[in-house]
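> My structure is in query37.cif, and what it holds is mmCIF, C-alpha atoms:
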data_query
loop_
_atom_site.label_atom_id
_atom_site.label_comp_id
_atom_site.auth_asym_id
_atom_site.auth_seq_id
_atom_site.Cartn_x
_atom_site.Cartn_y
_atom_site.Cartn_z
CA ALA V 10 -1.47 -23.07 -1.20
CA GLN V 11 -2.41 -19.90 0.61
CA SER V 12 -5.92 -18.70 -0.15
CA VAL V 13 -8.70 -16.46 1.11
CA SER V 14 -12.33 -17.17 0.33
CA GLN V 15 -15.21 -14.75 0.53
CA HIS V 16 -18.56 -16.42 0.18
CA ASN V 17 -20.82 -13.49 -0.57
CA HIS V 18 -19.93 -11.72 -3.78
CA HIS V 19 -22.82 -9.26 -3.81
CA VAL V 20 -24.90 -8.31 -0.79
CA ILE V 21 -27.87 -5.95 -0.83
CA LEU V 22 -29.21 -4.63 2.47
CA SER V 23 -31.58 -1.95 3.63
CA GLU V 24 -30.31 0.75 5.95
CA ALA V 25 -30.25 -0.31 9.63
CA ALA V 26 -29.99 -3.99 8.72
CA SER V 27 -27.23 -6.04 10.31
CA LEU V 28 -24.27 -7.15 8.24
CA GLU V 29 -22.10 -10.24 8.32
CA LEU V 30 -19.60 -10.97 5.55
CA GLY V 31 -17.93 -14.34 5.57
CA CYS V 32 -14.21 -14.93 5.12
CA ASN V 33 -12.24 -18.16 5.37
CA TYR V 34 -8.53 -18.56 4.94
CA SER V 35 -6.08 -21.33 4.26
CA TYR V 36 -2.62 -20.39 5.47
CA GLY V 37 0.28 -22.24 6.99
CA GLY V 38 1.96 -20.90 10.10
CA THR V 39 1.10 -17.70 11.90
CA VAL V 40 -1.33 -15.59 9.92
CA ASN V 41 -2.31 -11.93 9.99
CA LEU V 42 -5.85 -11.10 8.91
CA PHE V 43 -7.29 -7.89 7.52
CA TRP V 44 -10.45 -6.37 6.19
CA TYR V 45 -10.07 -3.57 3.66
CA VAL V 46 -12.81 -1.38 2.22
CA GLN V 47 -12.78 0.30 -1.17
CA TYR V 48 -15.42 2.97 -1.75
CA PRO V 49 -16.42 3.60 -5.39
CA GLY V 50 -13.52 5.18 -7.27
CA GLN V 51 -11.30 5.28 -4.20
CA HIS V 52 -8.30 3.43 -2.83
CA LEU V 53 -8.09 0.61 -0.33
CA GLN V 54 -8.55 1.60 3.29
CA LEU V 55 -7.84 -0.61 6.28
CA LEU V 56 -10.98 -1.35 8.31
CA LEU V 57 -9.44 -3.58 10.93
CA LYS V 58 -6.74 -6.16 11.49
CA TYR V 59 -5.98 -9.17 13.64
CA PHE V 60 -2.48 -10.25 14.64
CA SER V 61 -2.95 -12.01 17.99
CA GLY V 62 -4.73 -11.66 21.32
CA ASP V 63 -8.44 -10.91 21.67
CA PRO V 64 -10.15 -12.66 18.75
CA LEU V 65 -12.84 -9.99 18.60
CA VAL V 66 -11.37 -7.02 16.81
CA LYS V 67 -13.00 -3.63 16.56
CA GLY V 68 -12.27 -1.36 13.63
CA ILE V 69 -13.32 1.96 12.26
CA LYS V 70 -16.87 3.05 11.42
CA GLY V 71 -18.49 0.55 13.79
CA PHE V 72 -17.14 -2.57 12.12
CA GLU V 73 -15.85 -5.57 14.01
CA ALA V 74 -14.55 -8.99 13.08
CA GLU V 75 -14.13 -12.24 14.95
CA PHE V 76 -11.23 -14.61 14.45
CA ILE V 77 -12.29 -18.22 14.98
CA LYS V 78 -9.20 -20.34 14.65
CA SER V 79 -11.02 -23.68 14.64
CA LYS V 80 -13.10 -22.57 11.67
CA PHE V 81 -10.29 -20.69 9.89
CA SER V 82 -12.71 -17.78 9.69
CA PHE V 83 -12.55 -14.02 10.10
CA ASN V 84 -16.05 -12.72 9.50
CA LEU V 85 -16.85 -9.02 9.35
CA ARG V 86 -19.89 -7.65 11.17
CA LYS V 87 -21.75 -4.40 11.69
CA PRO V 88 -24.97 -4.18 13.72
CA SER V 89 -26.61 -1.47 11.62
CA VAL V 90 -25.43 -0.48 8.14
CA GLN V 91 -25.75 2.93 6.55
CA TRP V 92 -26.05 4.00 2.93
CA SER V 93 -22.47 5.30 3.17
CA ASP V 94 -21.25 1.75 3.79
CA THR V 95 -21.89 0.94 0.14
CA ALA V 96 -18.49 -0.28 -1.05
CA GLU V 97 -16.38 -3.30 -1.95
CA TYR V 98 -15.02 -5.22 1.03
CA PHE V 99 -11.88 -7.34 0.77
CA CYS V 100 -10.73 -9.90 3.29
CA ALA V 101 -6.98 -10.46 3.22
CA ALA V 102 -4.35 -12.57 4.91
CA SER V 103 -0.60 -12.48 5.12
CA ASN V 104 2.25 -14.30 6.74
CA SER V 105 3.67 -12.92 9.94
CA GLY V 106 6.97 -11.11 10.10
CA GLY V 107 9.30 -9.80 7.48
CA TYR V 108 7.71 -8.56 4.32
CA GLN V 109 4.13 -9.63 3.84
CA LYS V 110 2.81 -11.45 0.82
CA VAL V 111 -0.82 -10.47 1.15
CA THR V 112 -3.48 -12.64 -0.43
CA PHE V 113 -6.85 -10.99 -1.05
CA GLY V 114 -10.24 -12.58 -1.29
CA ILE V 115 -12.30 -11.89 -4.38
CA GLY V 116 -14.22 -9.15 -2.60
CA THR V 117 -17.83 -8.59 -1.61
CA LYS V 118 -19.79 -5.77 -3.09
CA LEU V 119 -22.13 -4.32 -0.48
CA GLN V 120 -25.04 -2.21 -1.65
CA VAL V 121 -27.08 -0.46 1.04
CA ILE V 122 -30.49 0.79 -0.02
CA PRO V 123 -31.81 3.89 1.76
CA ASP K 27 1.54 9.73 9.52
CA THR K 28 0.47 6.59 7.68
CA GLU K 29 0.72 7.84 4.14
CA VAL K 30 1.88 6.30 0.91
CA THR K 31 1.96 8.83 -1.90
CA GLN K 32 1.67 7.83 -5.54
CA THR K 33 2.14 9.90 -8.68
CA PRO K 34 0.68 10.44 -11.16
CA LYS K 35 -2.91 9.74 -10.18
CA HIS K 36 -3.89 9.24 -13.81
CA LEU K 37 -1.74 8.28 -16.79
CA VAL K 38 -2.65 7.67 -20.40
CA MET K 39 0.09 6.22 -22.56
CA GLY K 40 0.53 4.74 -26.00
CA MET K 41 1.87 1.25 -26.57
CA THR K 42 5.25 2.60 -27.68
CA ASN K 43 5.69 5.05 -24.81
CA LYS K 44 8.00 4.81 -21.83
CA LYS K 45 6.60 6.14 -18.58
CA SER K 46 7.09 5.63 -14.85
CA LEU K 47 4.89 5.41 -11.79
CA LYS K 48 6.32 6.72 -8.55
CA CYS K 49 5.66 5.87 -4.93
CA GLU K 50 6.97 7.46 -1.77
CA GLN K 51 6.63 6.77 1.93
CA HIS K 52 8.27 8.40 4.93
CA MET K 53 7.21 5.97 7.62
CA GLY K 54 10.59 4.27 7.76
CA HIS K 55 9.09 1.16 6.23
CA ARG K 56 11.57 -1.30 4.74
CA ALA K 57 9.14 -3.35 2.65
CA MET K 58 7.43 -1.89 -0.39
CA TYR K 59 5.04 -3.45 -2.85
CA TRP K 60 3.42 -3.00 -6.25
CA TYR K 61 -0.07 -4.38 -6.81
CA LYS K 62 -2.26 -4.35 -9.90
CA GLN K 63 -6.03 -4.10 -9.63
CA LYS K 64 -8.39 -4.59 -12.53
CA ALA K 65 -11.98 -3.38 -12.31
CA LYS K 66 -14.16 -5.41 -9.93
CA LYS K 67 -11.20 -7.66 -9.02
CA PRO K 68 -9.00 -7.89 -5.93
CA PRO K 69 -5.47 -6.47 -6.01
CA GLU K 70 -2.83 -8.85 -7.32
CA LEU K 71 0.73 -8.74 -6.08
CA MET K 72 3.37 -7.87 -8.67
CA PHE K 73 6.59 -7.12 -6.81
CA VAL K 74 7.93 -6.95 -3.27
CA TYR K 75 11.04 -5.07 -2.22
CA SER K 76 12.54 -5.76 1.17
CA TYR K 77 15.41 -3.58 2.37
CA GLU K 78 15.68 -2.18 -1.17
CA LYS K 79 16.21 -5.59 -2.72
CA LEU K 80 13.72 -7.30 -4.98
CA SER K 81 12.34 -10.21 -2.97
CA ILE K 82 9.32 -11.30 -4.98
CA ASN K 83 8.52 -11.03 -8.68
CA GLU K 84 5.19 -12.71 -9.35
CA SER K 85 6.11 -13.68 -12.91
CA VAL K 86 5.41 -10.17 -14.12
CA PRO K 87 6.19 -9.47 -17.81
CA SER K 88 9.44 -7.62 -18.43
CA ARG K 89 7.58 -4.62 -19.84
CA PHE K 90 7.10 -3.75 -16.14
CA SER K 91 10.39 -2.91 -14.47
CA PRO K 92 10.51 -2.02 -10.77
CA GLU K 93 13.18 0.07 -9.15
CA CYS K 94 13.87 0.96 -5.54
CA PRO K 95 16.35 3.87 -5.51
CA ASN K 96 16.26 4.17 -1.72
CA SER K 97 14.26 3.06 1.27
CA SER K 98 11.57 5.71 0.74
CA LEU K 99 11.02 5.46 -2.99
CA LEU K 100 9.66 2.82 -5.31
CA ASN K 101 9.27 3.24 -9.06
CA LEU K 102 7.56 1.17 -11.71
CA HIS K 103 8.95 1.73 -15.19
CA LEU K 104 6.57 0.99 -18.04
CA HIS K 105 7.56 0.24 -21.63
CA ALA K 106 5.71 -1.23 -24.59
CA LEU K 107 2.56 -1.91 -22.60
CA GLN K 108 -0.57 -3.50 -24.00
CA PRO K 109 -4.16 -2.26 -23.64
CA GLU K 110 -4.89 -5.14 -21.27
CA ASP K 111 -2.35 -3.63 -18.87
CA SER K 112 -4.80 -0.81 -18.19
CA ALA K 113 -5.58 -0.99 -14.48
CA LEU K 114 -5.17 0.66 -11.12
CA TYR K 115 -1.60 0.25 -9.88
CA LEU K 116 -1.29 0.31 -6.13
CA CYS K 117 1.84 0.90 -4.12
CA ALA K 118 2.01 -0.24 -0.52
CA SER K 119 4.48 -0.41 2.31
CA SER K 120 4.94 -2.13 5.63
CA GLN K 121 7.54 -1.98 8.35
CA GLY K 122 9.14 -5.23 7.24
CA GLY K 123 11.92 -6.83 9.22
CA GLN K 124 11.74 -9.64 11.76
CA GLY K 125 12.67 -10.32 15.31
CA PRO K 126 11.82 -8.84 18.70
CA GLY K 127 12.42 -5.31 17.54
CA VAL K 128 9.56 -5.40 15.07
CA ARG K 129 6.25 -4.18 16.44
CA GLN K 130 3.16 -6.18 15.61
CA SER K 131 1.78 -3.10 13.92
CA GLY K 132 4.65 -3.50 11.51
CA ASN K 133 2.66 -6.25 9.88
CA THR K 134 0.09 -3.77 8.63
CA ILE K 135 0.34 -2.92 4.96
CA TYR K 136 -0.59 0.63 4.03
CA PHE K 137 -1.79 1.33 0.52
CA GLY K 138 -1.47 4.44 -1.58
CA GLU K 139 -4.37 5.87 -3.55
CA GLY K 140 -3.12 4.26 -6.72
CA SER K 141 -2.30 5.35 -10.24
CA TRP K 142 -4.98 4.80 -12.85
CA LEU K 143 -3.21 3.67 -16.02
CA THR K 144 -4.85 3.60 -19.44
CA VAL K 145 -2.91 2.15 -22.37
CA VAL K 146 -4.19 3.20 -25.78
#
Please rewrite the model in this file as structure tokens.

Amino acid sequence: AQSVSQHNHHVILSEAASLELGCNYSYGGTVNLFWYVQYPGQHLQLLLKYFSGDPLVKGIKGFEAEFIKSKFSFNLRKPSVQWSDTAEYFCAASNSGGYQKVTFGIGTKLQVIP
Amino acid sequence: DTEVTQTPKHLVMGMTNKKSLKCEQHMGHRAMYWYKQKAKKPPELMFVYSYEKLSINESVPSRFSPECPNSSLLNLHLHALQPEDSALYLCASSQGGQGPGVRQSGNTIYFGEGSWLTVV
């Protein structure tokens, strides 16, 4: 069965600390990978995505993620977090081509303390 | 323009009411989706339309009835809902389609801001 696992459900960091959120997936065939962010009371926004090519993907707001095929992982990183990064982060995966049946991880709540 | 527009943003309805949620996109996408998101939970897929035909129904109760009048519009008709149906309902779209003509970026799913539904 297709699944996405996020290991950290609640992360608390001080401003300027480095961030790494773990994500593992179990998917057959070619997979597309995403990180979405949801700020309090707001909708889902796409942070970054991986389809193919360079496994190190850069997104908006200084975020990046690395696809490691051998580990079935797509971890999200940011060198220095800000208070405004406080949000829920969802890793997601979908099949490639046609319509996408996206599977979301359970989400990681990031709280950045000033 | 990567915009999916949903209306209304907020809806309060009684258990005997009939209401509809609407979704619109003008990106030429041929796949459209309804997701349900409860508080502090990830979005859960409800329905997928591909080329205006229902392709996936994730065993959603019949009190939710989707409709795709044309390639730009997606509705979700609501009737006899229960309080536990209160949630954020998200519409999304993607390019859809397969084959060499489909750009890789077509695999990106764009979400609307959602409709907050409260059933009383």
> Output as a JSON list (two decimals) with C-alpha atoms, in the frame of the given file the set of chain V residues within 8 Å of chain K, with distances taken over only C-alpha atoms.

[["chain", "number", "residue", "atom", "x", "y", "z"],
["V", 41, "ASN", "CA", -2.31, -11.93, 9.99],
["V", 51, "GLN", "CA", -11.30, 5.28, -4.20],
["V", 52, "HIS", "CA", -8.30, 3.43, -2.83],
["V", 53, "LEU", "CA", -8.09, 0.61, -0.33],
["V", 54, "GLN", "CA", -8.55, 1.60, 3.29],
["V", 55, "LEU", "CA", -7.84, -0.61, 6.28],
["V", 58, "LYS", "CA", -6.74, -6.16, 11.49],
["V", 60, "PHE", "CA", -2.48, -10.25, 14.64],
["V", 99, "PHE", "CA", -11.88, -7.34, 0.77],
["V", 105, "SER", "CA", 3.67, -12.92, 9.94],
["V", 106, "GLY", "CA", 6.97, -11.11, 10.10],
["V", 107, "GLY", "CA", 9.30, -9.80, 7.48],
["V", 108, "TYR", "CA", 7.71, -8.56, 4.32],
["V", 109, "GLN", "CA", 4.13, -9.63, 3.84],
["V", 110, "LYS", "CA", 2.81, -11.45, 0.82],
["V", 111, "VAL", "CA", -0.82, -10.47, 1.15],
["V", 112, "THR", "CA", -3.48, -12.64, -0.43],
["V", 113, "PHE", "CA", -6.85, -10.99, -1.05],
["V", 114, "GLY", "CA", -10.24, -12.58, -1.29],
["V", 115, "ILE", "CA", -12.30, -11.89, -4.38],
["V", 116, "GLY", "CA", -14.22, -9.15, -2.60]]
> Measure the distance from atom CA of Pro34 of chain K to atom CA of Asn96 of chain K in Å and round it to one decimal.
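Atom CA of Asn96 of chain K lies at a distance of 19.3 Å from atom CA of Pro34 of chain K.
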> Please enumerate the residues selected by the PyMOL selection byres ((chain V and resi 98) around 12) when evaluated against the supplied file, formatted as a ChimeraX atom specification.
/V:15-20,28-32,43-49,52-57,72,84-86,94-97,99-101,113-120 /K:66-69
> Could you write out as a VMD selection string the residues that the PyMOL selection byres ((chain V and resi 40) around 10) matches in the shown file?
chain V and resid 34 to 39 41 to 42 59 to 61 102 to 106
> Could you tell me how far atom CA of Leu47 of chain K lies from atom CA of Asn101 of chain K, in Å and to one decimal?
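Computing the Euclidean distance for atom CA of Leu47 of chain K and atom CA of Asn101 of chain K yields 5.6 Å.
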> Please measure the separation of atom CA of Leu107 of chain K and atom CA of Met72 of chain K, giving the value in Å to one decimal.
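These two atoms are separated by 15.2 Å.
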> Check what the PyMOL selection byres ((chain V and resi 122) around 12) selects in the file above and give those residues as number ranges by chain.
V: 20-26, 90-95, 119-121, 123
